[in-house]
Amino acid sequence: MCNKRSTTQAMLASKITLLLFFIASYASAQTAVVFGGSGAVGSEVLKSVLSDAFFEEVIVVGRHSSFKKIDEIVSSAEGESKVKRVNLARVEDISTYTKKIERADACLIALGASAPHHMHLQQWLSVEIDLIRTIAEFCNAIQVRSISLLSAVDVENESAVPFTKEEIESYGEGALGWIKMIILYMRVKGLEEKAVIESASDVQYIRIFQPNTIVTEEPRYGWFDATLFRLHKLVDPYLPSHYHSVDVRLLGAAMVADAKTKLQEREDLGSQQDVAKLSYEDYVSVAGKAFQDRLTANKDEL
């Protein structure tokens with residue numbers, strides 16, 4: 001009788017242990033949603049999140065035309081088993097997917113206008129503010145805990161003033177060009193940051209990445225980038241670290257590593273929203289060692 005009771009208790013304990021194991025496994029399974037996975041920074045974010053076992057599912061959102069490069073990255077990283085593609089005619093249509101994607105833990109937003117100097121102002125605003133706001137609203141609706149946004153150095157969202165209709169019309173429908181784009185850049189990026197903060201009011205962590213010059217393997221803007229990259233090699237050792245140029249691979253790795261760190265925290269902030277701005281020293285702190293090890297292994301240099 002006693003043996004039978006002991007056997008029953010042992011079986012019950014085994015089932016409870018197994019149940020707890022599955023509950024813990026589900027709770028620890030992390031899903032990341034990546035926006036802009038075909039861009040210079042976004043592609044590095046995608047590579048990093050695919051290579052990190054912490055994220056068991058990666059939802060990649062993009063336009064039809066972007067998926068050729070995305071598919072190449074996924075194939076190269078052998079990450080097919082954990083990738084879910086959301087292939088849209090327009091990224092703005094992501095708002096219709098709130099019922100199709102039940103849950104996620106982090107949104108990584110590395111999306112923006114690639115050449116705003118070739119756009120008129122309204123076009124630029126529709127990408128940097130309206131589209132990013134739609135994405136933030138989507139991330140808020142699927143109840144992610146963390147949003148990582150790619151912005152720019154020294155942007156101040158607190159002082160960013162919205163454009164009036166008259167202001168927008170005064171710039172006409174021609175391309176802005178470099179000078180007007182540079183004059184307006186900080187204001188537009190500030191409004192972008194503000195749109196995310198306001199539209200994702202239920203998201204616990206808003207992580208705003210504010211890099212200075214992003215160094216890519218191939219210059220994106222021809223002679224301008226090429227000259228800037230060479231200049232930074234000379235002046236970076238003398239600049240405050242805040243203004244140091246950043247390798248695009250380090251930036252992508254840092255966005256993923258930082259999101260992972262936040263998701264591992266179990267602090268309950270209640271209704272409080274934790275908004276933080278991150279710069280070069282933060283990227284090195286959160287991902288520098290692993291990134292340097294990766295470069296050393298590849299016989300490369302930072």
# chains A, B, ... in the order shown; residues from 1 in each chain; ligands from 1
>>> closest_atom_pairs(of="region 197-225 of chain A", to="region 244-260 of chain A", cutoff="8 Å", atoms="only C-alpha atoms", output="Markdown table")
| residue | atom | partner | partner_atom | distance |
| --- | --- | --- | --- | --- |
| A:Phe209 | CA | A:Met255 | CA | 7.7 |
| A:Pro211 | CA | A:Val246 | CA | 6.9 |
| A:Asn212 | CA | A:Ser245 | CA | 5.7 |
| A:Thr213 | CA | A:Ser245 | CA | 4.7 |
| A:Ile214 | CA | A:Val246 | CA | 5.1 |
| A:Val215 | CA | A:Asp247 | CA | 4.8 |
| A:Thr216 | CA | A:Val248 | CA | 5.6 |
>>> residues_around(residues="Gln210 (chain A)", least_positions_apart="4", cutoff="10 Å", atoms="only C-alpha atoms", output="list in words")
Leu149, Leu150, Ser151, Ala152, Val153, Asp154, Val155, His242, Tyr243, Leu251, Lys277, Leu278, Ser279 and Tyr280 of chain A
>>> write_last_selection(atoms="all heavy atoms", output="JSON list (two decimals), in the first residue's frame")
[["chain", "number", "residue", "atom", "x", "y", "z"],
["A", 149, "LEU", "N", 14.79, 51.79, -31.40],
["A", 149, "LEU", "CA", 14.61, 52.68, -32.55],
["A", 149, "LEU", "C", 15.95, 53.25, -32.98],
["A", 149, "LEU", "O", 16.71, 53.78, -32.15],
["A", 149, "LEU", "CB", 13.66, 53.82, -32.19],
["A", 149, "LEU", "CG", 13.51, 54.94, -33.22],
["A", 149, "LEU", "CD1", 12.76, 54.43, -34.45],
["A", 149, "LEU", "CD2", 12.81, 56.15, -32.62],
["A", 150, "LEU", "N", 16.25, 53.19, -34.27],
["A", 150, "LEU", "CA", 17.45, 53.82, -34.81],
["A", 150, "LEU", "C", 17.15, 55.29, -35.08],
["A", 150, "LEU", "O", 16.26, 55.63, -35.85],
["A", 150, "LEU", "CB", 17.86, 53.12, -36.10],
["A", 150, "LEU", "CG", 19.08, 53.73, -36.82],
["A", 150, "LEU", "CD1", 20.32, 53.62, -35.95],
["A", 150, "LEU", "CD2", 19.29, 53.03, -38.17],
["A", 151, "SER", "N", 17.92, 56.17, -34.43],
["A", 151, "SER", "CA", 17.75, 57.61, -34.62],
["A", 151, "SER", "C", 19.10, 58.21, -35.01],
["A", 151, "SER", "O", 19.82, 57.64, -35.82],
["A", 151, "SER", "CB", 17.17, 58.24, -33.34],
["A", 151, "SER", "OG", 16.90, 59.62, -33.54],
["A", 152, "ALA", "N", 19.47, 59.35, -34.44],
["A", 152, "ALA", "CA", 20.71, 60.01, -34.80],
["A", 152, "ALA", "C", 21.26, 60.79, -33.61],
["A", 152, "ALA", "O", 20.53, 61.14, -32.68],
["A", 152, "ALA", "CB", 20.50, 60.96, -35.98],
["A", 153, "VAL", "N", 22.56, 61.07, -33.64],
["A", 153, "VAL", "CA", 23.25, 61.69, -32.52],
["A", 153, "VAL", "C", 22.65, 63.06, -32.17],
["A", 153, "VAL", "O", 22.29, 63.85, -33.05],
["A", 153, "VAL", "CB", 24.76, 61.82, -32.83],
["A", 153, "VAL", "CG1", 25.01, 62.85, -33.94],
["A", 153, "VAL", "CG2", 25.56, 62.16, -31.59],
["A", 154, "ASP", "N", 22.53, 63.29, -30.85],
["A", 154, "ASP", "CA", 22.12, 64.58, -30.28],
["A", 154, "ASP", "C", 20.70, 65.03, -30.63],
["A", 154, "ASP", "O", 20.37, 66.21, -30.47],
["A", 154, "ASP", "CB", 23.10, 65.69, -30.70],
["A", 154, "ASP", "CG", 24.41, 65.62, -29.93],
["A", 154, "ASP", "OD1", 24.46, 64.90, -28.91],
["A", 154, "ASP", "OD2", 25.38, 66.27, -30.36],
["A", 155, "VAL", "N", 19.86, 64.12, -31.09],
["A", 155, "VAL", "CA", 18.47, 64.48, -31.37],
["A", 155, "VAL", "C", 17.74, 64.75, -30.05],
["A", 155, "VAL", "O", 17.90, 63.99, -29.08],
["A", 155, "VAL", "CB", 17.75, 63.36, -32.16],
["A", 155, "VAL", "CG1", 16.24, 63.62, -32.22],
["A", 155, "VAL", "CG2", 18.33, 63.25, -33.55],
["A", 242, "HIS", "N", 31.15, 59.99, -27.35],
["A", 242, "HIS", "CA", 29.76, 60.22, -27.79],
["A", 242, "HIS", "C", 29.69, 60.48, -29.29],
["A", 242, "HIS", "O", 28.70, 60.12, -29.95],
["A", 242, "HIS", "CB", 29.21, 61.42, -27.02],
["A", 242, "HIS", "CG", 27.78, 61.75, -27.30],
["A", 242, "HIS", "ND1", 26.73, 61.00, -26.79],
["A", 242, "HIS", "CD2", 27.22, 62.74, -28.04],
["A", 242, "HIS", "CE1", 25.60, 61.52, -27.20],
["A", 242, "HIS", "NE2", 25.85, 62.56, -27.96],
["A", 243, "TYR", "N", 30.75, 61.11, -29.85],
["A", 243, "TYR", "CA", 30.76, 61.47, -31.26],
["A", 243, "TYR", "C", 31.63, 60.56, -32.12],
["A", 243, "TYR", "O", 31.88, 60.85, -33.28],
["A", 243, "TYR", "CB", 31.22, 62.93, -31.42],
["A", 243, "TYR", "CG", 30.27, 63.90, -30.77],
["A", 243, "TYR", "CD1", 30.59, 64.52, -29.56],
["A", 243, "TYR", "CD2", 29.03, 64.18, -31.34],
["A", 243, "TYR", "CE1", 29.70, 65.40, -28.96],
["A", 243, "TYR", "CE2", 28.13, 65.04, -30.74],
["A", 243, "TYR", "CZ", 28.47, 65.65, -29.54],
["A", 243, "TYR", "OH", 27.58, 66.51, -28.94],
["A", 251, "LEU", "N", 26.82, 48.40, -34.32],
["A", 251, "LEU", "CA", 25.53, 49.02, -34.04],
["A", 251, "LEU", "C", 24.40, 47.98, -34.11],
["A", 251, "LEU", "O", 23.54, 47.93, -33.22],
["A", 251, "LEU", "CB", 25.27, 50.15, -35.04],
["A", 251, "LEU", "CG", 23.96, 50.92, -34.90],
["A", 251, "LEU", "CD1", 23.81, 51.52, -33.52],
["A", 251, "LEU", "CD2", 23.87, 52.01, -35.96],
["A", 277, "LYS", "N", 18.26, 56.98, -24.16],
["A", 277, "LYS", "CA", 19.01, 57.27, -25.38],
["A", 277, "LYS", "C", 20.40, 56.64, -25.26],
["A", 277, "LYS", "O", 21.07, 56.81, -24.24],
["A", 277, "LYS", "CB", 19.13, 58.78, -25.58],
["A", 277, "LYS", "CG", 17.79, 59.49, -25.75],
["A", 277, "LYS", "CD", 17.97, 61.00, -25.85],
["A", 277, "LYS", "CE", 16.62, 61.70, -25.99],
["A", 277, "LYS", "NZ", 16.77, 63.17, -26.09],
["A", 278, "LEU", "N", 20.81, 55.93, -26.30],
["A", 278, "LEU", "CA", 22.08, 55.22, -26.26],
["A", 278, "LEU", "C", 23.02, 55.74, -27.34],
["A", 278, "LEU", "O", 22.60, 55.98, -28.48],
["A", 278, "LEU", "CB", 21.86, 53.71, -26.44],
["A", 278, "LEU", "CG", 21.09, 53.01, -25.31],
["A", 278, "LEU", "CD1", 19.59, 53.09, -25.57],
["A", 278, "LEU", "CD2", 21.51, 51.56, -25.18],
["A", 279, "SER", "N", 24.29, 55.88, -26.98],
["A", 279, "SER", "CA", 25.31, 56.36, -27.93],
["A", 279, "SER", "C", 26.50, 55.40, -27.95],
["A", 279, "SER", "O", 26.43, 54.31, -27.37],
["A", 279, "SER", "CB", 25.75, 57.78, -27.58],
["A", 279, "SER", "OG", 26.23, 57.83, -26.25],
["A", 280, "TYR", "N", 27.58, 55.82, -28.59],
["A", 280, "TYR", "CA", 28.70, 54.91, -28.88],
["A", 280, "TYR", "C", 29.20, 54.14, -27.66],
["A", 280, "TYR", "O", 29.41, 52.92, -27.73],
["A", 280, "TYR", "CB", 29.86, 55.71, -29.49],
["A", 280, "TYR", "CG", 31.04, 54.85, -29.83],
["A", 280, "TYR", "CD1", 31.06, 54.05, -30.98],
["A", 280, "TYR", "CD2", 32.15, 54.80, -29.00],
["A", 280, "TYR", "CE1", 32.14, 53.24, -31.28],
["A", 280, "TYR", "CE2", 33.24, 54.00, -29.29],
["A", 280, "TYR", "CZ", 33.23, 53.23, -30.44],
["A", 280, "TYR", "OH", 34.30, 52.42, -30.73]]
>>> atom_distance(atom1="CA of Asp105 (chain A)", atom2="CA of Ala89 (chain A)")
24.8 Å
>>> select_by_dssp(residues="region 60-258 of chain A", states="helix (DSSP H, G or I)", output="number ranges by chain")
A: 64-76, 80-82, 91-97, 116-118, 121-141, 157-159, 165-170, 177-199, 223-238, 241-243, 248-258
>>> residues_around(residues="Phe35 (chain A)", least_positions_apart="6", cutoff="9 Å", atoms="only C-alpha atoms", output="number ranges by chain")
A: 42, 59-62, 91, 107-111, 135
>>> residues_around(residues="Val203 (chain A)", least_positions_apart="6", cutoff="12 Å", atoms="only C-alpha atoms", output="list in words")
Ala104, Asp105, Ala106, Cys107, Ala136, Glu137, Phe138, Cys139, Asn140, Ala141, Ile142, Gln143, Val144, Arg145, Ser146, Ile147, Ser148, Val196, Ile197, Lys262, Leu263, Asp268, Leu269, Gly270, Ser271, Gln272, Gln273, Asp274 and Val275 of chain A
>>> write_last_selection(atoms="N, CA and C atoms", output="tab-separated table (two decimals), in the first residue's frame")
chain	number	residue	atom	x	y	z
A	104	ALA	N	4.63	39.17	-29.19
A	104	ALA	CA	6.07	39.31	-29.46
A	104	ALA	C	6.66	40.01	-28.25
A	105	ASP	N	7.96	39.99	-28.16
A	105	ASP	CA	8.62	40.54	-26.98
A	105	ASP	C	9.39	41.83	-27.27
A	106	ALA	N	9.94	41.94	-28.48
A	106	ALA	CA	10.75	43.11	-28.82
A	106	ALA	C	10.52	43.52	-30.26
A	107	CYS	N	10.50	44.83	-30.51
A	107	CYS	CA	10.48	45.37	-31.86
A	107	CYS	C	11.81	46.07	-32.09
A	136	ALA	N	5.12	51.79	-34.43
A	136	ALA	CA	5.10	51.85	-32.97
A	136	ALA	C	3.72	51.47	-32.42
A	137	GLU	N	2.66	51.91	-33.10
A	137	GLU	CA	1.30	51.55	-32.68
A	137	GLU	C	1.09	50.04	-32.78
A	138	PHE	N	1.63	49.44	-33.84
A	138	PHE	CA	1.54	47.99	-34.01
A	138	PHE	C	2.28	47.27	-32.88
A	139	CYS	N	3.49	47.72	-32.58
A	139	CYS	CA	4.28	47.09	-31.52
A	139	CYS	C	3.58	47.23	-30.17
A	140	ASN	N	2.94	48.36	-29.96
A	140	ASN	CA	2.18	48.58	-28.73
A	140	ASN	C	0.99	47.61	-28.67
A	141	ALA	N	0.33	47.42	-29.80
A	141	ALA	CA	-0.87	46.56	-29.86
A	141	ALA	C	-0.53	45.09	-29.60
A	142	ILE	N	0.66	44.64	-30.02
A	142	ILE	CA	1.02	43.22	-29.80
A	142	ILE	C	1.77	43.04	-28.48
A	143	GLN	N	1.81	44.11	-27.69
A	143	GLN	CA	2.27	44.07	-26.30
A	143	GLN	C	3.74	43.65	-26.14
A	144	VAL	N	4.60	44.20	-26.97
A	144	VAL	CA	6.03	43.95	-26.76
A	144	VAL	C	6.49	44.67	-25.49
A	145	ARG	N	7.57	44.20	-24.91
A	145	ARG	CA	8.12	44.84	-23.71
A	145	ARG	C	9.17	45.88	-24.06
A	146	SER	N	9.77	45.75	-25.26
A	146	SER	CA	10.87	46.64	-25.61
A	146	SER	C	10.79	47.05	-27.08
A	147	ILE	N	11.05	48.33	-27.34
A	147	ILE	CA	11.19	48.84	-28.70
A	147	ILE	C	12.57	49.48	-28.82
A	148	SER	N	13.30	49.10	-29.86
A	148	SER	CA	14.60	49.71	-30.16
A	148	SER	C	14.45	50.50	-31.45
A	196	VAL	N	7.20	57.70	-31.61
A	196	VAL	CA	7.34	56.35	-31.03
A	196	VAL	C	6.98	56.37	-29.55
A	197	ILE	N	7.52	57.32	-28.82
A	197	ILE	CA	7.27	57.40	-27.38
A	197	ILE	C	5.77	57.54	-27.10
A	262	LYS	N	17.33	43.93	-21.76
A	262	LYS	CA	16.09	44.47	-21.20
A	262	LYS	C	15.05	43.38	-20.96
A	263	LEU	N	14.96	42.44	-21.91
A	263	LEU	CA	13.97	41.37	-21.78
A	263	LEU	C	14.31	40.42	-20.64
A	268	ASP	N	9.34	45.14	-12.47
A	268	ASP	CA	8.01	45.61	-12.86
A	268	ASP	C	7.96	47.12	-12.67
A	269	LEU	N	7.88	47.84	-13.79
A	269	LEU	CA	7.84	49.30	-13.73
A	269	LEU	C	6.42	49.83	-13.60
A	270	GLY	N	5.44	48.91	-13.56
A	270	GLY	CA	4.05	49.33	-13.50
A	270	GLY	C	3.67	50.05	-14.77
A	271	SER	N	3.06	51.22	-14.64
A	271	SER	CA	2.65	52.00	-15.81
A	271	SER	C	3.76	52.95	-16.28
A	272	GLN	N	4.88	52.95	-15.56
A	272	GLN	CA	5.99	53.83	-15.90
A	272	GLN	C	6.70	53.34	-17.15
A	273	GLN	N	7.08	54.26	-18.02
A	273	GLN	CA	7.79	53.93	-19.25
A	273	GLN	C	9.25	54.35	-19.10
A	274	ASP	N	10.15	53.42	-19.40
A	274	ASP	CA	11.59	53.68	-19.30
A	274	ASP	C	12.12	54.04	-20.69
A	275	VAL	N	12.38	55.33	-20.92
A	275	VAL	CA	12.91	55.81	-22.21
A	275	VAL	C	14.38	56.15	-22.03
>>> select_by_dssp(residues="region 6-203 of chain A", states="strand (DSSP E)", output="VMD selection string")
chain A and resid 30 to 35 55 to 63 83 to 88 106 to 109 146 to 150
>>> atom_distance(atom1="CA of Glu192 (chain A)", atom2="CA of Arg133 (chain A)")
7.5 Å
>>> residues_around(residues="Ser114 (chain A)", least_positions_apart="3", cutoff="12 Å", atoms="only C-alpha atoms", output="list in words")
Gly36, Ser38, Gly39, Ala40, Val41, Gly42, Ala110, Leu111, His117, His118, Met119, Gln123, Trp124, Val127, Glu128, Arg220 and Tyr221 of chain A
>>> atom_distance(atom1="CA of Arg63 (chain A)", atom2="CA of Asp93 (chain A)")
9.9 Å
>>> closest_residue(among="A:Gly79, A:Glu167, A:Leu131, A:Glu193", to="Arg207 (chain A)", atoms="only C-alpha atoms")
A:Glu193
>>> residues_around(residues="Gly190 (chain A)", least_positions_apart="4", cutoff="10 Å", atoms="only C-alpha atoms", output="number ranges by chain")
A: 128-129, 151-152, 154-162, 185-186, 194-195
